[in-house]
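Down below is the structure, laid out as structure tokens.
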Amino acid sequence: MSGTMTVVIPTYNESKNVVNMAKAIREAYPDFKVLFMDDNSTDGTIELVRELNDPLTTIYVRDPAKRGLGASVLEGFAIADTDYAMCMDCDFQHPISSLKDLFGKMEEDADLCVGVRTSRMSMGFKRAMGSEVVEAFCKLFFIVHRKYTTKDMMSGLFALRCDTFRDEIRDNWDSFELKGWKVLMDLMKFNEKTLKISYIRYDFGTRAEGESHLNPKVPIMTFHQLWGFGKFLAKFFCKVYHVDYYEMYPWEKKSKS
Ligand SMILES: Nc1nc2c(ncn2[C@@H]2O[C@H](COP(=O)(O)OP(=O)(O)OP(=O)(O)O)[C@@H](O)[C@H]2O)c(=O)[nH]1
Ligand SMILES: [Mg+2]
């Protein structure tokens with residue numbers, strides 16, 4: 001028997017990609033559901049998806065007070081009504097052809113299948129090196145905290161078995177880095193189970209159309225995921241980038257005073 005799959009795609013102002021993305025997935029995988037988790041895009045993304053009028057393509061417009069890429073993906077996983085769910089970006093950096101590989105591994109009874117980038121050079125040399133260094137750092141923290149790591153902890157392309165993760169997502173909601181971008185890392189941080197983890201490899205591409213949303217808060221939020229010393233590093237990088245740490249984490253200010 002074949003399992004069912006929802007492709008969860010976080011979107012914010014992706015009008016230049018969203019229609020092509022929905023069509024590409026639905027044409028290649030007619031049985032997959034596509035669920036865009038949108039943070040109140042203002043560029044017509046929402047209307048474009050609705051105009052597709054496809055019963056298996058949905059756009060869920062999130063509470064504007066709870067904006068966050070991490071929150072969008074996790075909420076998508078929590079509401080998916082299929083056996084499996086996977087996440088990917090809306091800008092074609094993750095190849096559509098890899099979805100069948102992820103699905104195949106889930107059908108082989110994996111709890112989690114992680115897409116591992118063959119190279120990060122499509123991000124440019126400086127960003128790729130930064131990404132590798134931060135990842136090595138993150139793995140070290142996970143090992144110290146006796147948590148399972150995966151290859152490519154920061155990949156934005158992975159699939160999971162919904163039943164395995166639904167409780168974890170609900171129980172730890174307030175502890176996740178909800179505005180952060182490293183969802184897989186958070187899922188591994190709070191995971192208490194022995195998981196069957198599989199891997200596929202994929203070529204990480206460049207953004208097809210539209211503008212990048214990357215900003216200095218992304219690495220800061222990644223460090224913030226790394227327990228106490230990670231928070232110290234997040235504060236340090238806030239100073240470097242002139243970002244107000246307590247504006248990002250106001251509840252920590254309260255607990256400080
Ligand atoms: N729901 C939601 N989606 C977001 C938000 N910020 C970014 N996204 C989506 O998250 C995905 C990744 O964002 P990108 O801008 O591609 O980030 P990136 O891949 O690191 O940057 P590039 O390499 O320059 O493309 C895209 O599908 C975005 O539309 C957000 O605040 N909320
Ligand atoms: Mg991108």
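To be explicit about the labels: the chains of the structure tokens are called A, B, and onward in the order shown, and within each one the residues are counted from 1, while ligands get numbers from 1 in the order they are shown.
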What do you get as a JSON list (two decimals) with C-alpha atoms, in the first residue's frame if you pick all residues at most 9 Å from ligand 2, counting only C-alpha atoms and all ligand atoms?
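Below is the file that was written, pocket_14.json:
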[["chain", "number", "residue", "atom", "x", "y", "z"],
["A", 89, "ASP", "CA", 11.50, 26.16, -0.36],
["A", 90, "CYS", "CA", 9.38, 27.90, -2.97],
["A", 91, "ASP", "CA", 12.24, 29.14, -5.15],
["A", 92, "PHE", "CA", 13.35, 25.90, -6.90],
["A", 93, "GLN", "CA", 16.62, 25.65, -4.94],
["A", 94, "HIS", "CA", 15.43, 22.18, -3.98],
["A", 205, "GLY", "CA", 20.44, 25.19, -6.85],
["A", 206, "THR", "CA", 20.05, 28.94, -7.03],
["A", 207, "ARG", "CA", 16.85, 30.93, -6.50],
["A", 208, "ALA", "CA", 14.77, 30.88, -9.70],
["A", 211, "GLU", "CA", 14.10, 38.11, -3.80],
["A", 212, "SER", "CA", 15.98, 36.31, -1.05],
["A", 213, "HIS", "CA", 14.64, 36.69, 2.50],
["A", 214, "LEU", "CA", 17.97, 35.89, 4.15]]
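For Phe176 (chain A), the residues within 9 Å (counting only C-alpha atoms, excluding itself and residues fewer than 5 positions away along the chain) are Gly70, Ala71, Ile169, Val183, Asp186, Leu187, Phe190 and Gln225 of chain A.
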Tell me, as a ChimeraX atom specification, which residues lie within 7 Å of region 129-139 of chain A, counting only C-alpha atoms; anything in the same chain fewer than 4 positions away does not count. /A:125,143,149,153-154,226
Run DSSP on the backbone and tell me which residues of region 61-188 of chain A come out as alpha helix (DSSP H); list them as a count of residues only. 57
With a distance cut-off of 12 Å and only C-alpha atoms, select the neighbouring residues of Lys151 (chain A), excluding the residue or stretch itself and same-chain residues fewer than 4 positions from it, and output the selection as a ChimeraX atom specification. /A:112-118,132,135-136,138-139,155,158,184-185,188,197-201
Would you mind exporting the chosen residues as a CSV table (one decimal), in the first residue's frame, restricted to N, CA and C atoms?
chain,number,residue,atom,x,y,z
A,112,LEU,N,12.3,9.6,9.2
A,112,LEU,CA,12.8,10.9,8.8
A,112,LEU,C,13.7,10.6,7.6
A,113,CYS,N,13.6,11.4,6.6
A,113,CYS,CA,14.5,11.3,5.5
A,113,CYS,C,15.1,12.7,5.2
A,114,VAL,N,16.4,12.8,5.3
A,114,VAL,CA,17.0,14.1,5.2
A,114,VAL,C,17.7,14.3,3.8
A,115,GLY,N,17.4,15.4,3.1
A,115,GLY,CA,18.0,15.7,1.9
A,115,GLY,C,19.4,16.3,2.2
A,116,VAL,N,20.4,15.7,1.7
A,116,VAL,CA,21.8,16.2,2.0
A,116,VAL,C,22.3,16.9,0.7
A,117,ARG,N,22.8,18.1,0.9
A,117,ARG,CA,23.3,18.9,-0.3
A,117,ARG,C,24.6,18.3,-0.7
A,118,THR,N,24.8,18.0,-2.0
A,118,THR,CA,26.1,17.5,-2.5
A,118,THR,C,27.1,18.6,-2.4
A,132,GLU,N,28.9,25.9,6.4
A,132,GLU,CA,29.6,24.6,6.8
A,132,GLU,C,30.2,24.8,8.2
A,135,GLU,N,27.4,24.8,10.7
A,135,GLU,CA,26.9,23.4,10.9
A,135,GLU,C,27.8,22.6,11.7
A,136,ALA,N,29.1,22.7,11.5
A,136,ALA,CA,30.0,21.9,12.3
A,136,ALA,C,29.9,22.3,13.8
A,138,CYS,N,27.2,23.5,15.2
A,138,CYS,CA,25.9,23.0,15.7
A,138,CYS,C,26.0,21.5,16.1
A,139,LYS,N,26.7,20.8,15.3
A,139,LYS,CA,26.8,19.3,15.5
A,139,LYS,C,27.6,19.1,16.8
A,155,SER,N,19.6,21.4,6.4
A,155,SER,CA,18.9,21.3,5.1
A,155,SER,C,17.4,21.7,5.2
A,158,PHE,N,13.5,18.0,3.7
A,158,PHE,CA,13.5,16.7,4.4
A,158,PHE,C,12.0,16.2,4.5
A,184,LEU,N,14.8,21.4,11.0
A,184,LEU,CA,15.3,20.0,11.2
A,184,LEU,C,16.1,20.0,12.5
A,185,MET,N,16.9,21.0,12.7
A,185,MET,CA,17.7,21.1,13.9
A,185,MET,C,16.9,21.1,15.2
A,188,MET,N,15.3,17.7,15.9
A,188,MET,CA,16.3,16.8,16.5
A,188,MET,C,16.6,17.2,17.9
A,197,ILE,N,16.4,6.9,10.4
A,197,ILE,CA,16.7,8.1,9.6
A,197,ILE,C,17.4,7.6,8.3
A,198,SER,N,16.8,8.1,7.2
A,198,SER,CA,17.4,7.8,5.8
A,198,SER,C,17.9,9.1,5.2
A,199,TYR,N,18.7,8.9,4.2
A,199,TYR,CA,19.2,10.1,3.5
A,199,TYR,C,19.1,10.0,2.0
A,200,ILE,N,18.9,11.1,1.3
A,200,ILE,CA,19.1,11.2,-0.1
A,200,ILE,C,20.0,12.4,-0.4
A,201,ARG,N,20.6,12.4,-1.5
A,201,ARG,CA,21.5,13.5,-1.9
A,201,ARG,C,20.9,14.3,-3.0
What's the 9 Å shell around region 38-41 of chain A, counting only C-alpha atoms, without same-chain residues fewer than 3 positions away, as a ChimeraX atom specification? /A:9-15,44-46,59-64,66-69,72
Applying 8 Å and only C-alpha atoms, which residues near Val49 (chain A) remain after dropping the ones on its own chain fewer than 2 positions away? List them as a list in words. Val18, Val19, Ala22, Thr45, Ile46, Glu47, Glu51, Leu52, Asn53, Thr57, Thr58 and Ile59 of chain A
Skip Val8 (chain A) itself and residues of its chain fewer than 4 positions away, then list as JSON, numbers by chain all residues within 7 Å of it, counting only C-alpha atoms. {"A": [34, 35, 36, 37, 73, 76, 85, 86, 87, 88]}
Of A:Pro250, A:Gly3, A:Gly228, A:Pro216, the one nearest to ligand 1 when counting only C-alpha atoms and all ligand atoms is A:Pro216
